[in-house]
file target.cif (mmCIF, C-alpha atoms and all ligand atoms)
data_start
#
loop_
_atom_site.label_atom_id
_atom_site.label_comp_id
_atom_site.auth_asym_id
_atom_site.auth_seq_id
_atom_site.Cartn_x
_atom_site.Cartn_y
_atom_site.Cartn_z
CA MET K 197 0.12 21.57 -38.56
CA THR K 198 -3.05 23.56 -38.11
CA VAL K 199 -6.59 22.63 -39.10
CA ALA K 200 -8.27 25.45 -40.99
CA TYR K 201 -11.56 25.89 -42.81
CA LEU K 202 -11.64 27.79 -46.11
CA GLY K 203 -14.78 29.20 -47.72
CA LEU K 204 -14.94 29.20 -51.51
CA GLY K 205 -17.38 31.31 -53.52
CA ALA K 206 -17.90 32.25 -57.16
CA ASN K 207 -20.60 33.78 -59.36
CA LEU K 208 -18.77 34.73 -62.56
CA GLY K 209 -17.91 32.45 -65.45
CA ASP K 210 -18.27 28.69 -64.98
CA ALA K 211 -18.52 29.06 -61.20
CA ARG K 212 -19.27 25.40 -60.46
CA GLN K 213 -16.27 24.18 -62.38
CA THR K 214 -14.06 26.89 -60.87
CA LEU K 215 -14.85 25.73 -57.34
CA LYS K 216 -14.06 22.12 -58.24
CA ASP K 217 -10.78 23.16 -59.88
CA ALA K 218 -9.89 25.39 -56.93
CA VAL K 219 -10.33 22.50 -54.47
CA VAL K 220 -8.00 20.35 -56.58
CA CYS K 221 -5.54 23.25 -56.73
CA LEU K 222 -5.57 23.52 -52.92
CA ALA K 223 -5.09 19.78 -52.56
CA GLN K 224 -2.06 19.88 -54.83
CA GLN K 225 -0.20 22.34 -52.61
CA HIS K 226 2.68 20.74 -50.71
CA THR K 227 1.73 22.78 -47.66
CA ILE K 228 -1.90 21.69 -47.58
CA THR K 229 -3.77 18.44 -47.03
CA VAL K 230 -7.48 18.62 -47.78
CA LEU K 231 -9.22 16.64 -45.05
CA ALA K 232 -12.82 17.16 -46.15
CA LYS K 233 -14.91 18.98 -48.71
CA SER K 234 -18.54 20.00 -48.33
CA SER K 235 -21.15 19.59 -51.01
CA LEU K 236 -21.47 22.34 -53.55
CA TYR K 237 -24.29 24.80 -52.78
CA ARG K 238 -26.18 27.25 -54.98
CA THR K 239 -26.87 30.37 -52.91
CA ALA K 240 -28.65 33.72 -53.19
CA PRO K 241 -26.24 36.70 -53.30
CA ILE K 242 -26.03 38.30 -49.85
CA ASP K 243 -25.22 42.03 -49.69
CA ALA K 244 -24.26 41.69 -53.33
CA GLY K 245 -25.73 41.72 -56.82
CA GLY K 246 -25.21 39.52 -59.82
CA ASP K 247 -26.01 35.89 -60.45
CA ASP K 248 -26.52 33.23 -57.82
CA TYR K 249 -23.31 32.09 -56.20
CA PHE K 250 -21.84 28.64 -55.86
CA ASN K 251 -20.23 28.06 -52.47
CA CYS K 252 -18.46 25.28 -50.62
CA VAL K 253 -16.13 24.84 -47.65
CA VAL K 254 -12.98 22.74 -47.33
CA LYS K 255 -11.31 21.55 -44.14
CA VAL K 256 -7.53 21.51 -44.48
CA ASP K 257 -4.46 20.64 -42.49
CA THR K 258 -1.69 23.10 -43.23
CA THR K 259 1.91 23.82 -42.32
CA LEU K 260 1.43 27.44 -43.37
CA PRO K 261 1.29 30.23 -40.81
CA VAL K 262 -2.01 32.07 -41.18
CA ARG K 263 -0.60 35.03 -43.12
CA HIS K 264 1.08 32.72 -45.61
CA LEU K 265 -2.24 30.90 -45.98
CA LEU K 266 -3.96 34.23 -46.73
CA ALA K 267 -1.27 35.05 -49.31
CA LEU K 268 -1.79 31.64 -50.93
CA CYS K 269 -5.56 32.25 -51.06
CA HIS K 270 -4.94 35.57 -52.82
CA LYS K 271 -2.49 33.94 -55.24
CA ILE K 272 -4.97 31.20 -56.18
CA GLU K 273 -7.79 33.78 -56.56
CA HIS K 274 -5.52 35.69 -58.94
CA GLN K 275 -4.73 32.53 -60.93
CA PHE K 276 -8.46 31.99 -61.38
CA GLY K 277 -8.89 35.50 -62.80
CA ARG K 278 -10.18 37.36 -59.74
CA GLU K 279 -10.69 41.09 -60.21
CA ARG K 280 -11.84 43.63 -57.60
CA PRO K 281 -13.64 46.49 -59.41
CA PHE K 282 -15.77 47.33 -56.32
CA ARG K 283 -16.72 45.83 -52.95
CA ASN K 284 -18.68 42.58 -53.17
CA ALA K 285 -18.40 42.63 -56.98
CA PRO K 286 -19.21 39.40 -58.80
CA ARG K 287 -16.12 37.22 -58.74
CA THR K 288 -14.56 34.25 -60.50
CA LEU K 289 -13.23 33.00 -57.15
CA ASP K 290 -13.21 34.14 -53.53
CA LEU K 291 -11.18 32.16 -51.01
CA ASP K 292 -11.70 33.21 -47.39
CA ILE K 293 -10.14 31.85 -44.22
CA LEU K 294 -13.18 31.03 -42.09
CA LEU K 295 -11.29 29.43 -39.17
CA TYR K 296 -7.63 28.81 -38.39
CA GLY K 297 -7.21 26.39 -35.52
CA ASP K 298 -8.81 27.90 -32.44
CA GLN K 299 -7.22 31.27 -33.07
CA SER K 300 -8.96 34.63 -32.86
CA ILE K 301 -7.19 37.26 -34.94
CA ASP K 302 -8.29 40.88 -35.24
CA GLU K 303 -5.91 42.85 -37.41
CA ALA K 304 -6.41 45.42 -40.14
CA ASP K 305 -6.17 42.98 -43.04
CA LEU K 306 -7.00 39.67 -41.36
CA ILE K 307 -9.91 38.79 -39.10
CA VAL K 308 -10.45 35.18 -37.98
CA PRO K 309 -13.01 33.72 -37.49
CA HIS K 310 -14.15 35.46 -40.67
CA PRO K 311 -16.17 38.45 -39.42
CA ARG K 312 -19.33 37.62 -41.37
CA LEU K 313 -19.17 33.85 -41.05
CA ILE K 314 -21.96 33.51 -38.50
CA GLU K 315 -24.33 35.77 -40.48
CA ARG K 316 -24.16 33.74 -43.69
CA ALA K 317 -25.85 30.50 -44.63
CA PHE K 318 -23.44 30.07 -47.58
CA ALA K 319 -20.59 29.65 -45.09
CA LEU K 320 -22.33 28.13 -42.04
CA VAL K 321 -24.34 25.41 -43.78
CA PRO K 322 -21.35 23.77 -45.56
CA LEU K 323 -19.25 24.19 -42.42
CA VAL K 324 -21.79 22.29 -40.35
CA GLU K 325 -22.11 19.66 -43.08
CA ILE K 326 -18.39 18.92 -42.70
CA ASP K 327 -18.25 19.12 -38.92
CA ALA K 328 -21.54 19.23 -37.03
CA ALA K 329 -19.95 19.67 -33.61
CA LEU K 330 -17.54 22.40 -34.71
CA ILE K 331 -16.88 25.15 -32.19
CA ILE K 332 -16.44 28.63 -33.63
CA PRO K 333 -14.14 30.67 -31.37
CA LEU K 334 -16.11 33.49 -29.66
CA HIS K 335 -19.46 32.09 -30.90
CA GLY K 336 -19.84 28.48 -29.76
CA ARG K 337 -21.22 25.48 -31.63
CA ALA K 338 -21.71 26.15 -35.34
CA ASP K 339 -24.94 24.16 -35.61
CA THR K 340 -26.67 26.31 -32.98
CA LEU K 341 -26.13 29.33 -35.25
CA LEU K 342 -28.00 27.87 -38.24
CA ALA K 343 -31.39 29.14 -37.04
CA GLY K 344 -30.14 32.71 -37.45
CA VAL K 345 -29.56 32.26 -41.20
CA ALA K 346 -32.57 30.06 -41.95
CA ASP K 347 -34.19 32.76 -44.13
CA GLN K 348 -31.31 32.77 -46.66
CA ARG K 349 -31.80 30.74 -49.83
CA ILE K 350 -29.31 27.89 -50.16
CA GLU K 351 -29.68 24.60 -51.98
CA LYS K 352 -27.34 21.66 -52.26
CA VAL K 353 -26.24 20.96 -55.84
CA ARG K 354 -26.63 17.35 -56.87
CA SER K 355 -23.20 16.24 -58.02
CA HIS K 356 -22.74 14.63 -61.41
CA CYS K 357 -19.00 14.84 -60.98
CA GLN K 358 -17.09 11.92 -62.47
CA CYS K 359 -13.76 13.19 -61.17
CA PRO K 360 -12.10 10.56 -58.94
CA MET K 361 -9.99 13.26 -57.26
CA LEU K 362 -13.02 15.14 -55.94
CA ASP K 363 -14.85 11.96 -55.03
CA ALA K 364 -11.83 10.84 -53.01
CA LEU K 365 -11.68 14.19 -51.25
CA ALA K 366 -15.38 14.18 -50.44
CA ALA K 367 -15.09 10.69 -49.02
CA GLY K 368 -11.94 11.56 -47.09
CA ASN K 369 -9.99 8.88 -48.98
CA GLY K 370 -6.86 10.77 -49.82
CA THR K 371 -5.66 13.69 -51.87
CA PRO K 372 -4.56 14.19 -55.47
CA ALA K 373 -0.87 14.08 -56.35
CA LYS K 374 0.97 17.14 -55.09
CA GLY K 375 2.78 19.83 -56.97
CA ARG K 376 0.89 20.19 -60.22
CA CYS K 377 -0.89 23.48 -59.42
CA GLU K 378 1.71 26.25 -59.53
N1 LIG K 401 -9.57 39.69 -44.91
C1 LIG K 401 -9.75 39.90 -43.60
N2 LIG K 401 -10.03 38.76 -42.97
C2 LIG K 401 -10.01 37.77 -43.92
C3 LIG K 401 -10.22 36.37 -43.87
N3 LIG K 401 -10.53 35.73 -42.72
N4 LIG K 401 -10.12 35.67 -45.05
C4 LIG K 401 -9.26 40.77 -45.86
C5 LIG K 401 -9.83 36.30 -46.22
N5 LIG K 401 -9.62 37.65 -46.33
C6 LIG K 401 -9.73 38.38 -45.18
O1 LIG K 401 -11.19 40.49 -49.24
C7 LIG K 401 -11.06 41.83 -48.75
C8 LIG K 401 -10.01 41.86 -47.68
O2 LIG K 401 -10.44 41.09 -46.59
C9 LIG K 401 -8.67 41.26 -48.10
O3 LIG K 401 -7.77 42.24 -48.43
C10 LIG K 401 -8.19 40.46 -46.89
O4 LIG K 401 -6.95 40.92 -46.41
P1 LIG K 401 -11.47 40.25 -50.75
O5 LIG K 401 -11.33 38.80 -51.00
O6 LIG K 401 -10.71 41.22 -51.57
O7 LIG K 401 -12.97 40.68 -50.93
P2 LIG K 401 -14.25 39.97 -50.38
O8 LIG K 401 -14.04 38.55 -50.05
O9 LIG K 401 -15.35 40.33 -51.30
O10 LIG K 401 -14.42 40.81 -49.08
P3 LIG K 401 -15.18 40.40 -47.82
O11 LIG K 401 -15.33 41.68 -47.07
O12 LIG K 401 -14.54 39.25 -47.11
O13 LIG K 401 -16.55 39.95 -48.41
P4 LIG K 401 -17.34 38.71 -47.93
O14 LIG K 401 -17.85 39.00 -46.60
O15 LIG K 401 -16.54 37.48 -48.19
O16 LIG K 401 -18.54 38.80 -48.92
N6 LIG K 401 -23.20 35.88 -51.35
C11 LIG K 401 -23.19 34.56 -51.59
N7 LIG K 401 -24.33 33.89 -51.75
N8 LIG K 401 -22.00 33.87 -51.63
C12 LIG K 401 -20.78 34.49 -51.47
O17 LIG K 401 -19.73 33.82 -51.54
N9 LIG K 401 -19.64 36.58 -50.96
C13 LIG K 401 -19.67 37.88 -50.67
C14 LIG K 401 -18.41 38.53 -50.29
C15 LIG K 401 -20.91 38.66 -50.64
N10 LIG K 401 -22.09 37.86 -50.87
C16 LIG K 401 -22.04 36.56 -51.14
C17 LIG K 401 -20.78 35.89 -51.19
MG MG K 402 -12.41 37.21 -49.81
#
call {"tool": "encode", "arguments": {"input": "target.cif", "output": "structure tokens", "more": "lines below"}}
Ligand code: A4P
Ligand code: MG
result
Amino acid sequence: MTVAYLGLGANLGDARQTLKDAVVCLAQQHTITVLAKSSLYRTAPIDAGGDDYFNCVVKVDTTLPVRHLLALCHKIEHQFGRERPFRNAPRTLDLDILLYGDQSIDEADLIVPHPRLIERAFALVPLVEIDAALIIPLHGRADTLLAGVADQRIEKVRSHCQCPMLDALAAGNGTPAKGRCE
């Protein structure tokens, strides 16, 4: 089992609802246990156009090797209608591997820690919310990096969610039943 952190982002369609549904979808995978979920954040697009984004981060325990985890992320993005007309295009769902254990990977199609993680409030702020003392391989403690992104607009979304699944995840009280998200 490996602890990994996944960054979720969306700014097309009902982005808030998509992120909530995507977290439930992750939690229903037999290969994944969601250990924690950050708050939902509304964020200014960085290096991108379009509407404001919604972002969050989940901490997972997974039996999947990292490349299988990447493939699963792509599969779930596809299920949520992701299209790639151009770089940084508005998207229904983006699922990035921010961290995978303490591994550093630098390959053509997979870089971990995510190469732009430390430059982006939409990834760093929710990460630190989940785990204040988190160490990012090659960069050190995550909370010491927050000052570098302090100029980026990010606001926590007050949750009106009535969904017991998400509440349980946020509180770390267990995961939804497995196997219903194909
Ligand atoms: N790839 C390499 N490393 C990874 C990794 N650690 N996790 C490759 C996931 N994928 C990784 O990804 C492009 C390629 O990156 C994939 O083929 C994969 O093999 P993609 O999902 O097709 O496109 P992307 O996510 O748009 O690309 P990229 O370069 O990761 O963009 P970013 O850096 O994620 O930026 N502003 C706000 N406020 N919120 C956002 O969520 N997102 C972006 C996208 C820009 N601005 C944003 C947000
Ligand atoms: Mg991506």
call {"tool": "axis_aligned_box", "arguments": {"input": "target.cif", "around": "ligand LIG 401 (chain K)", "padding_each_side": "4 Å", "output": "lines of an AutoDock Vina configuration file"}}
result
center_x = -15.6
center_y = 38.0
center_z = -47.2
size_x = 25.4
size_y = 16.4
size_z = 17.0
call {"tool": "closest_residue", "arguments": {"input": "target.cif", "among": "K:Glu303, K:Asp210, K:Glu273, K:Asp247", "to": "ligand MG 402 (chain K)", "atoms": "only C-alpha atoms and all ligand atoms"}}
result
K:Glu273
call {"tool": "residues_around", "arguments": {"input": "target.cif", "residues": "Asp248 of chain K", "least_positions_apart": "6", "cutoff": "9 Å", "atoms": "all atoms listed in the file", "output": "list in words"}}
result
Ala206, Asn207, Arg238, Thr239, Ala240 and Pro241 of chain K
call {"tool": "residues_near_ligand", "arguments": {"input": "target.cif", "ligand": "ligand LIG 401 (chain K)", "cutoff": "6 Å", "atoms": "only C-alpha atoms and all ligand atoms", "output": "PyMOL selection string"}}
result
chain K and resi 205+239-244+249+251+283-284+290+292-294+305-308+310+312+318
call {"tool": "atom_distance", "arguments": {"input": "target.cif", "atom1": "atom CA of Ala317 of chain K", "atom2": "atom CA of Leu342 of chain K"}}
result
7.2 Å
call {"tool": "atom_distance", "arguments": {"input": "target.cif", "atom1": "atom CA of Thr227 of chain K", "atom2": "atom CA of Ile326 of chain K"}}
result
21.1 Å
call {"tool": "residues_near_point", "arguments": {"input": "target.cif", "point": "(-11.3, 22.8, -44.6)", "cutoff": "9 Å", "atoms": "all atoms listed in the file", "output": "PyMOL selection string"}}
result
chain K and resi 199-203+230-234+253-257+294-295+323+326
call {"tool": "residues_around", "arguments": {"input": "target.cif", "residues": "Pro261 of chain K", "least_positions_apart": "5", "cutoff": "12 Å", "atoms": "only C-alpha atoms", "output": "list in words"}}
result
Met197, Thr198, Val199, Ala200, Thr227, Ile228, Leu266, Ala267, Leu268, Tyr296, Gly297 and Gln299 of chain K
call {"tool": "closest_residue", "arguments": {"input": "target.cif", "among": "K:Pro333, K:Gly209, K:Gly246, K:Pro311", "to": "ligand MG 402 (chain K)", "atoms": "all atoms listed in the file"}}
result
K:Pro311
call {"tool": "closest_residue", "arguments": {"input": "target.cif", "among": "K:Thr288, K:Gln348, K:Thr340, K:Ser300", "to": "ligand MG 402 (chain K)", "atoms": "only C-alpha atoms and all ligand atoms"}}
result
K:Thr288
call {"tool": "residues_near_point", "arguments": {"input": "target.cif", "point": "(-25.2, 21.6, -33.0)", "cutoff": "8 Å", "atoms": "all atoms listed in the file", "output": "ChimeraX atom specification"}}
result
/K:328-330,337-340
call {"tool": "atom_distance", "arguments": {"input": "target.cif", "atom1": "atom CA of Leu320 of chain K", "atom2": "atom CA of Leu289 of chain K"}}
result
18.3 Å
call {"tool": "closest_residue", "arguments": {"input": "target.cif", "among": "K:Asp302, K:Asp327, K:Glu279, K:Asp347", "to": "ligand MG 402 (chain K)", "atoms": "only C-alpha atoms and all ligand atoms"}}
result
K:Glu279
call {"tool": "closest_residue", "arguments": {"input": "target.cif", "among": "K:Ala343, K:His274, K:Tyr237, K:Asp298", "to": "ligand MG 402 (chain K)", "atoms": "all atoms listed in the file"}}
result
K:His274
